[in-house]
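Chemist: My questions will all concern the structure given below.
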Amino acid sequence: MTEVATSEAPAKRAPAEGEALCRIDSLSTHFPVNRGPFRKGGVVRAVDRVSLEVRPGETVGLVGESGCGKSTLGRTILRLIEPTAGSIYFENRDITKLSMSEMRPLRRRMQIIFQDPYASLDPRMSVRDTVAEALEIHGLAKTKKQADERVASLLEKVGLRPDQMDRYPHEFSGGQRQRVGIARALAVEPKFIVADEPISALDVSIQAQIVNLLKDLQEELGLAYLFIAHDLKVVEYLSHRVAVMYLGRVVETAPSRELYDDPRHPYTRALLSAVPVPDPETKRSRIVLQGDVPSPIDPPPGCAFHPRCSIAEKGLCDREAPPLVPLKNRPSQSVACFKAEG
Ligand SMILES: Nc1ncnc2c1ncn2[C@@H]1O[C@H](COP(=O)(O)OP(=O)(O)OP(=O)(O)O)[C@@H](O)[C@H]1O
Ligand SMILES: [Mg+2]
C-alpha cells in the first residue's frame with residue numbers, strides 16, 4: 001500500500017464539528033456460548049460498552065487485532081446483528097427502538113461493503129440484476145429502462161463500463177468485483193457506509209485503486225465511512241479520526257494526525273510501532289506484544305490489556321477497568337488507560 005500512502009497528502013481536514021450522522025452510546029453485543037455440556041451460560045463480549053460517533057462526510061477508521069470485535073461493531077450499528085444493550089442514533093433517531101419495517105427506509109441510508117466481494121455477490125446474478133435488485137427493493141426505479149440507466153451510471157461511477165452489466169461475478173477480477181459491491185451499496189444513495197476490510201482480500205496492486213475510489217466517492221457524494229482495516233497505513237491515509245479496539249472495547253480515539261503522532265494507549269503504541277515509517281529519523285522502536293489476545297469469554301480483570309502491558313501497575317491496572325476519558329491538555333483524544341497522561 002505504499003503507493004497510496006505516499007502519492008498525495010491524506011485528507012486530514014475533518015468535517016466541521018457538529019451533529020453526528022451516527023452516534024452509538026454504550027453499545028454492547030454479547031453472544032451466548034455453551035462451553036461444554038456442563039458449563040452453559042457464558043457470553044462472548046464481542047462489543048462491550050462502546051461509544052463512538054461518525055459525522056457526515058467523515059471517515060472513522062476502526063483498528064485492532066483479529067477477534068477484537070470490529071466486524072461485530074460494524075454490523076451491530078447497521079442492526080444486522082441485534083445489540084445486547086446501548087443505543088444507536090442515526091440522524092438523531094435511536095434505531096434500536098425501531099421495528100424491522102420502520103428500519104426499512106433507513107436501510108437505504110446505511111450500507112455495508114464486505115471484505116470478500118466474491119462471497120457477497122450472488123454468482124447466478126448478472127451485475128445488472130445485482131445492482132437493480134437494490135433499486136427495486138427501495139422503489140428507486142419505476143421502469144426497466146430507468147433501472148438500466150441507473151445501473152449504467154453507477155457502473156461508470158465506480159470505474160466499470162456500462163456494457164459490462166450483463167456479465168456475472170466470475171467474469172470479473174477481484175478489484176472489479178469489489179467495484180460491483182460498491183456500486184450495489186451506492187445504488188440506494190446511502191449517507192453512511194460500513195466498509196469491513198474492503199481491500200484485505202485484494203492484490204496489493206489493486207488495493208490503492210479501491211482506496212482511492214472510496215476517497216473520491218466520499219468527496220463527490222459526501223459519504224461517511226466506518227472503515228475497518230488491519231493496514232494502519234491505509235487507515236491513516238483515509239481516516240479523519242481513528243478508534244482503536246481491544247477485546248470488545250475502544251481503548252483510544254483521536255483525530256488521525258494526533259493518534260499517529262502521539263499515541264497514548266500502550267496498545268496503540270504497540271500497534272503503531274509495527275508500522276514502517278518512511279522517514280528513518282522518526283523511526284519508532286518496535287514494541288513486541290507479549291502473549292496472545294485473551295479470550296473475550298474470560299477477559300482479564302481490570303484493564304483487559306494489563307497482562308500484555310509493559311507499564312501496567314499492580315494493584316491499579318489489574319483491579320479496575322479504566323474509562324475512556326479525554327486527555328486534559330488535548331480533549332480531542334480520549335484514552336482508556338490510567339497512565340495515559342504520564
Ligand atoms: N455469531 C457469533 N457467535 C459467537 N461469537 C461470535 C459471533 N460472531 C463473532 N463472535 C466472536 O466475537 C468476537 C469478535 O469477532 P469479530 O468478528 O467482530 O472480530 P473482528 O475484530 O472483526 O476480527 P477480524 O479482524 O478477524 O475480522 C470474536 O471472539 C468472535 O469469535
Ligand atoms: Mg472482522
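The chains in the C-alpha cells are called A, B, ... from first to last as shown; in each chain the residues are counted from 1, and the ligands are counted from 1 in the order shown.
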Can you build me a table of chain A residues sitting at most 10 Å from ligand 1, with the closest atom pair per residue and its distance in Å to one decimal, using only C-alpha atoms and all ligand atoms, sorted by chain and residue number, as CSV?
Modeler:
residue,atom,partner,partner_atom_place_in_ligand_line,distance
A:Thr29,CA,ligand 1,12 (O),8.6
A:His30,CA,ligand 1,12 (O),7.9
A:Phe31,CA,ligand 1,4 (C),4.9
A:Pro32,CA,ligand 1,4 (C),6.6
A:Val33,CA,ligand 1,4 (C),6.5
A:Asn34,CA,ligand 1,4 (C),9.7
A:Val43,CA,ligand 1,4 (C),8.2
A:Val44,CA,ligand 1,5 (N),5.9
A:Arg45,CA,ligand 1,12 (O),6.9
A:Ala46,CA,ligand 1,12 (O),4.1
A:Val47,CA,ligand 1,14 (C),7.2
A:Leu62,CA,ligand 1,21 (O),9.1
A:Val63,CA,ligand 1,21 (O),7.9
A:Gly64,CA,ligand 1,21 (O),6.5
A:Glu65,CA,ligand 1,25 (O),5.8
A:Ser66,CA,ligand 1,25 (O),3.4
A:Gly67,CA,ligand 1,19 (O),3.4
A:Cys68,CA,ligand 1,21 (O),4.0
A:Gly69,CA,ligand 1,18 (O),3.2
A:Lys70,CA,ligand 1,21 (O),3.8
A:Ser71,CA,ligand 1,22 (O),3.6
A:Thr72,CA,ligand 1,18 (O),3.7
A:Leu73,CA,ligand 1,18 (O),6.4
A:Gly74,CA,ligand 1,18 (O),8.1
A:Arg75,CA,ligand 1,18 (O),8.5
A:Thr76,CA,ligand 1,18 (O),9.6
A:Ile81,CA,ligand 1,1 (N),8.6
A:Gln115,CA,ligand 1,27 (O),9.0
A:Asp196,CA,ligand 1,22 (O),8.0
A:Glu197,CA,ligand 1,27 (O),7.8
A:Ile228,CA,ligand 1,22 (O),8.2
A:Ala229,CA,ligand 1,25 (O),7.7
A:His230,CA,ligand 1,25 (O),7.0
A:Met245,CA,ligand 1,21 (O),8.0
A:Tyr246,CA,ligand 1,21 (O),8.7
A:Leu247,CA,ligand 1,14 (C),7.8
A:Gly248,CA,ligand 1,14 (C),7.0
A:Val293,CA,ligand 1,29 (O),9.8
A:Pro294,CA,ligand 1,29 (O),9.5
A:Ser295,CA,ligand 1,29 (O),7.0
A:Pro296,CA,ligand 1,29 (O),5.7
A:Ile297,CA,ligand 1,29 (O),7.8
Chemist: Please produce an output containing C-alpha atoms for each residue in the selection, written as a PDB file, in the first residue's frame.
Modeler:
ATOM      1  CA  THR A  29     -23.116  -7.059  21.652  1.00  0.00           C
ATOM      2  CA  HIS A  30     -22.674 -10.241  23.632  1.00  0.00           C
ATOM      3  CA  PHE A  31     -23.022 -13.692  22.121  1.00  0.00           C
ATOM      4  CA  PRO A  32     -24.139 -16.607  24.282  1.00  0.00           C
ATOM      5  CA  VAL A  33     -21.770 -19.557  24.243  1.00  0.00           C
ATOM      6  CA  ASN A  34     -22.008 -23.064  25.525  1.00  0.00           C
ATOM      7  CA  VAL A  43     -21.005 -14.929  26.897  1.00  0.00           C
ATOM      8  CA  VAL A  44     -18.534 -13.566  24.394  1.00  0.00           C
ATOM      9  CA  ARG A  45     -18.346  -9.834  24.993  1.00  0.00           C
ATOM     10  CA  ALA A  46     -17.625  -9.127  21.339  1.00  0.00           C
ATOM     11  CA  VAL A  47     -18.542  -5.446  21.744  1.00  0.00           C
ATOM     12  CA  LEU A  62     -11.537   1.169  13.229  1.00  0.00           C
ATOM     13  CA  VAL A  63      -8.472  -0.909  14.012  1.00  0.00           C
ATOM     14  CA  GLY A  64      -7.405  -3.689  16.343  1.00  0.00           C
ATOM     15  CA  GLU A  65      -6.244  -7.289  16.284  1.00  0.00           C
ATOM     16  CA  SER A  66      -8.313 -10.087  14.829  1.00  0.00           C
ATOM     17  CA  GLY A  67     -11.263 -11.008  17.031  1.00  0.00           C
ATOM     18  CA  CYS A  68     -11.426  -7.697  18.922  1.00  0.00           C
ATOM     19  CA  GLY A  69     -14.972  -7.045  17.707  1.00  0.00           C
ATOM     20  CA  LYS A  70     -14.618  -4.720  14.709  1.00  0.00           C
ATOM     21  CA  SER A  71     -16.980  -6.573  12.379  1.00  0.00           C
ATOM     22  CA  THR A  72     -19.470  -7.201  15.162  1.00  0.00           C
ATOM     23  CA  LEU A  73     -19.481  -3.487  15.958  1.00  0.00           C
ATOM     24  CA  GLY A  74     -19.919  -2.523  12.283  1.00  0.00           C
ATOM     25  CA  ARG A  75     -22.765  -4.958  11.798  1.00  0.00           C
ATOM     26  CA  THR A  76     -24.460  -4.050  15.046  1.00  0.00           C
ATOM     27  CA  ILE A  81     -26.799  -8.058  14.479  1.00  0.00           C
ATOM     28  CA  GLN A 115     -14.190  -7.909   2.631  1.00  0.00           C
ATOM     29  CA  ASP A 196     -15.464  -4.004   6.590  1.00  0.00           C
ATOM     30  CA  GLU A 197     -11.910  -4.665   5.383  1.00  0.00           C
ATOM     31  CA  ILE A 228     -12.472  -1.269   9.290  1.00  0.00           C
ATOM     32  CA  ALA A 229      -8.955  -2.375   8.391  1.00  0.00           C
ATOM     33  CA  HIS A 230      -5.831  -4.142   9.512  1.00  0.00           C
ATOM     34  CA  MET A 245     -10.351  -1.554  19.786  1.00  0.00           C
ATOM     35  CA  TYR A 246      -9.050  -4.130  22.188  1.00  0.00           C
ATOM     36  CA  LEU A 247     -11.163  -7.063  23.331  1.00  0.00           C
ATOM     37  CA  GLY A 248     -14.524  -5.501  22.588  1.00  0.00           C
ATOM     38  CA  VAL A 293      -5.090 -11.824  22.919  1.00  0.00           C
ATOM     39  CA  PRO A 294      -7.030 -13.088  25.947  1.00  0.00           C
ATOM     40  CA  SER A 295     -10.392 -14.770  25.432  1.00  0.00           C
ATOM     41  CA  PRO A 296     -13.344 -12.406  25.241  1.00  0.00           C
ATOM     42  CA  ILE A 297     -15.271 -15.041  27.228  1.00  0.00           C
TER      43      ILE A 297
END
Chemist: Can you tell me, as JSON, numbers by chain, what residues are no more than 12 Å from range 254-256 of chain A when counting only C-alpha atoms, ignoring any on the same chain fewer than 6 positions away?
Modeler: {"A": [10, 11, 12, 13, 14, 15, 17, 52, 53, 54, 58, 59, 60, 61, 62, 63, 232, 233, 234, 235, 236, 237, 238, 239, 240, 241, 242, 243, 244, 262, 263, 264, 265, 268, 324, 325, 326, 327, 330, 331, 332, 333, 334, 335, 336]}
Chemist: For the selection just defined, write its residues with C-alpha atoms to a file, as a compact mmCIF listing (two decimals), in the first residue's frame.
Modeler:
# COMPACT_ATOMS: atom_id res chain seq x y z
CA PRO A 10 -4.03 12.48 3.06
CA ALA A 11 -7.35 14.21 3.67
CA LYS A 12 -6.77 15.45 7.15
CA ARG A 13 -9.32 18.21 7.22
CA ALA A 14 -12.09 16.60 9.21
CA PRO A 15 -15.65 17.73 8.59
CA GLU A 17 -17.71 19.64 14.42
CA LEU A 52 -18.45 6.47 19.09
CA GLU A 53 -19.71 8.95 16.56
CA VAL A 54 -19.35 9.44 12.83
CA GLU A 58 -16.22 11.78 7.77
CA THR A 59 -14.15 8.60 7.78
CA VAL A 60 -13.63 6.94 11.12
CA GLY A 61 -11.04 4.17 10.96
CA LEU A 62 -11.54 1.17 13.23
CA VAL A 63 -8.47 -0.91 14.01
CA LEU A 232 -2.72 1.03 9.68
CA LYS A 233 -1.11 2.92 6.80
CA VAL A 234 -4.31 2.78 4.79
CA VAL A 235 -6.34 3.80 7.82
CA GLU A 236 -4.08 6.80 8.33
CA TYR A 237 -4.46 7.79 4.70
CA LEU A 238 -8.24 7.56 4.64
CA SER A 239 -9.42 8.42 8.13
CA HIS A 240 -10.18 11.73 9.73
CA ARG A 241 -10.44 10.02 13.09
CA VAL A 242 -9.41 6.60 14.32
CA ALA A 243 -10.75 4.32 17.05
CA VAL A 244 -8.58 1.52 18.41
CA ASP A 262 1.32 10.82 19.74
CA PRO A 263 -0.47 7.58 20.62
CA ARG A 264 -1.12 7.36 24.37
CA HIS A 265 -2.51 3.91 24.98
CA THR A 268 -1.97 1.75 20.27
CA LEU A 324 -12.25 6.16 28.07
CA VAL A 325 -11.61 9.80 29.00
CA PRO A 326 -10.33 12.86 27.13
CA LEU A 327 -6.72 13.91 27.75
CA ARG A 330 -5.85 17.60 24.30
CA PRO A 331 -9.52 16.76 24.76
CA SER A 332 -9.98 15.61 21.16
CA GLN A 333 -8.01 12.50 22.12
CA SER A 334 -9.59 10.00 24.53
CA VAL A 335 -7.71 7.16 26.14
CA ALA A 336 -8.76 4.28 28.39
Chemist: If you run DSSP over the backbone, which residues in range 56-122 of chain A end up strand (DSSP E)? Put them as a PyMOL selection string.
Modeler: chain A and resi 59-63+85-90+93-94+110-113
Chemist: Would you save the residues of that selection, restricted to N, CA and C atoms, as an mmCIF file, in the first residue's frame?
Modeler:
data_model
loop_
_atom_site.group_PDB
_atom_site.id
_atom_site.type_symbol
_atom_site.label_atom_id
_atom_site.label_comp_id
_atom_site.auth_asym_id
_atom_site.auth_seq_id
_atom_site.Cartn_x
_atom_site.Cartn_y
_atom_site.Cartn_z
ATOM 1 N N THR A 59 -14.571 9.993 7.676
ATOM 2 C CA THR A 59 -14.147 8.597 7.778
ATOM 3 C C THR A 59 -13.589 8.344 9.171
ATOM 4 N N VAL A 60 -14.187 7.382 9.850
ATOM 5 C CA VAL A 60 -13.630 6.937 11.122
ATOM 6 C C VAL A 60 -13.017 5.566 10.880
ATOM 7 N N GLY A 61 -11.735 5.450 11.126
ATOM 8 C CA GLY A 61 -11.043 4.175 10.959
ATOM 9 C C GLY A 61 -11.201 3.352 12.230
ATOM 10 N N LEU A 62 -11.398 2.050 12.065
ATOM 11 C CA LEU A 62 -11.537 1.169 13.229
ATOM 12 C C LEU A 62 -10.479 0.080 13.109
ATOM 13 N N VAL A 63 -9.581 0.045 14.084
ATOM 14 C CA VAL A 63 -8.472 -0.909 14.012
ATOM 15 C C VAL A 63 -8.366 -1.736 15.293
ATOM 16 N N ALA A 85 -27.189 -4.261 24.465
ATOM 17 C CA ALA A 85 -27.520 -3.062 25.252
ATOM 18 C C ALA A 85 -26.962 -1.840 24.537
ATOM 19 N N GLY A 86 -27.469 -0.675 24.932
ATOM 20 C CA GLY A 86 -26.955 0.576 24.380
ATOM 21 C C GLY A 86 -27.838 1.130 23.277
ATOM 22 N N SER A 87 -27.441 2.279 22.746
ATOM 23 C CA SER A 87 -28.255 2.967 21.743
ATOM 24 C C SER A 87 -27.439 3.241 20.483
ATOM 25 N N ILE A 88 -28.161 3.305 19.370
ATOM 26 C CA ILE A 88 -27.554 3.686 18.084
ATOM 27 C C ILE A 88 -28.422 4.806 17.513
ATOM 28 N N TYR A 89 -27.884 5.992 17.463
ATOM 29 C CA TYR A 89 -28.641 7.103 16.888
ATOM 30 C C TYR A 89 -28.180 7.318 15.458
ATOM 31 N N PHE A 90 -29.137 7.284 14.539
ATOM 32 C CA PHE A 90 -28.816 7.612 13.156
ATOM 33 C C PHE A 90 -29.685 8.793 12.786
ATOM 34 N N ARG A 93 -32.191 9.641 15.465
ATOM 35 C CA ARG A 93 -33.218 8.697 15.932
ATOM 36 C C ARG A 93 -32.544 7.466 16.492
ATOM 37 N N ASP A 94 -33.042 7.007 17.635
ATOM 38 C CA ASP A 94 -32.490 5.777 18.203
ATOM 39 C C ASP A 94 -33.065 4.587 17.435
ATOM 40 N N MET A 110 -27.888 3.580 5.134
ATOM 41 C CA MET A 110 -26.709 2.938 5.725
ATOM 42 C C MET A 110 -26.444 1.607 5.040
ATOM 43 N N GLN A 111 -25.270 1.494 4.471
ATOM 44 C CA GLN A 111 -24.946 0.309 3.690
ATOM 45 C C GLN A 111 -23.634 -0.309 4.170
ATOM 46 N N ILE A 112 -23.359 -1.501 3.675
ATOM 47 C CA ILE A 112 -22.109 -2.175 4.069
ATOM 48 C C ILE A 112 -21.382 -2.683 2.826
ATOM 49 N N ILE A 113 -20.073 -2.614 2.880
ATOM 50 C CA ILE A 113 -19.230 -3.215 1.833
ATOM 51 C C ILE A 113 -18.392 -4.278 2.541
#
Chemist: Mind dumping a table of every range 63-118 of chain A residue within 9 Å of range 136-150 of chain A, with the nearest atom pair and its distance in Å to one decimal, using only C-alpha atoms, sorted by chain and rising number, as JSON lines?
Modeler:
{"residue": "A:Arg104", "atom": "CA", "partner": "A:His138", "partner_atom": "CA", "distance": 8.4}
{"residue": "A:Pro105", "atom": "CA", "partner": "A:His138", "partner_atom": "CA", "distance": 7.7}
{"residue": "A:Arg108", "atom": "CA", "partner": "A:His138", "partner_atom": "CA", "distance": 7.4}
Chemist: Keeping only C-alpha atoms, write the selected residues as an mmCIF file, in the first residue's frame.
Modeler:
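To be explicit, this is the file written out as part28.cif:
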data_model
loop_
_atom_site.group_PDB
_atom_site.id
_atom_site.type_symbol
_atom_site.label_atom_id
_atom_site.label_comp_id
_atom_site.auth_asym_id
_atom_site.auth_seq_id
_atom_site.Cartn_x
_atom_site.Cartn_y
_atom_site.Cartn_z
ATOM 1 C CA ARG A 104 -36.559 -0.263 6.081
ATOM 2 C CA PRO A 105 -36.434 3.375 4.879
ATOM 3 C CA ARG A 108 -31.207 2.961 2.313
#
Chemist: List as a PyMOL selection string the protein and nucleic acid residues near Cys337 in chain A, meaning an atom at most 12 Å away when only C-alpha atoms are counted, but skip any in the same chain fewer than 6 places from it.
Modeler: chain A and resi 250-253+263-268+302-306+309+311-313+316-318+320-327
Chemist: Please compute the CA of Leu27 in chain A-CA of Leu80 in chain A distance, one decimal, in Å.
Modeler: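 Atom-to-atom, CA of Leu27 in chain A to CA of Leu80 in chain A, that is 14.1 Å.
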Chemist: With only C-alpha atoms and all ligand atoms as the atoms that count, which of A:Asp216, A:Asp116, A:Asp129, A:Asp163 lies nearest to ligand 2?
Modeler: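 Result for the nearest residue to ligand 2: A:Asp116.
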Chemist: Give the helix (DSSP H, G or I) residues of range 96-310 of chain A, as DSSP finds them on the backbone, and put them as a PyMOL selection string.
Modeler: chain A and resi 96-97+100-107+117-120+127-137+144-157+162-164+169-171+174-186+204-221+232-238+256-261+266-273+280-282+306-308
Chemist: What is the distance between CA of Leu271 in chain A and CA of Leu259 in chain A, in Å to one decimal?
Modeler: 11.4 Å
Chemist: Just want the 7 Å neighbourhood of Gln178 in chain A, counted on only C-alpha atoms, with same-chain residues fewer than 4 positions away dropped. Output as a count of residues only.
Modeler: 3
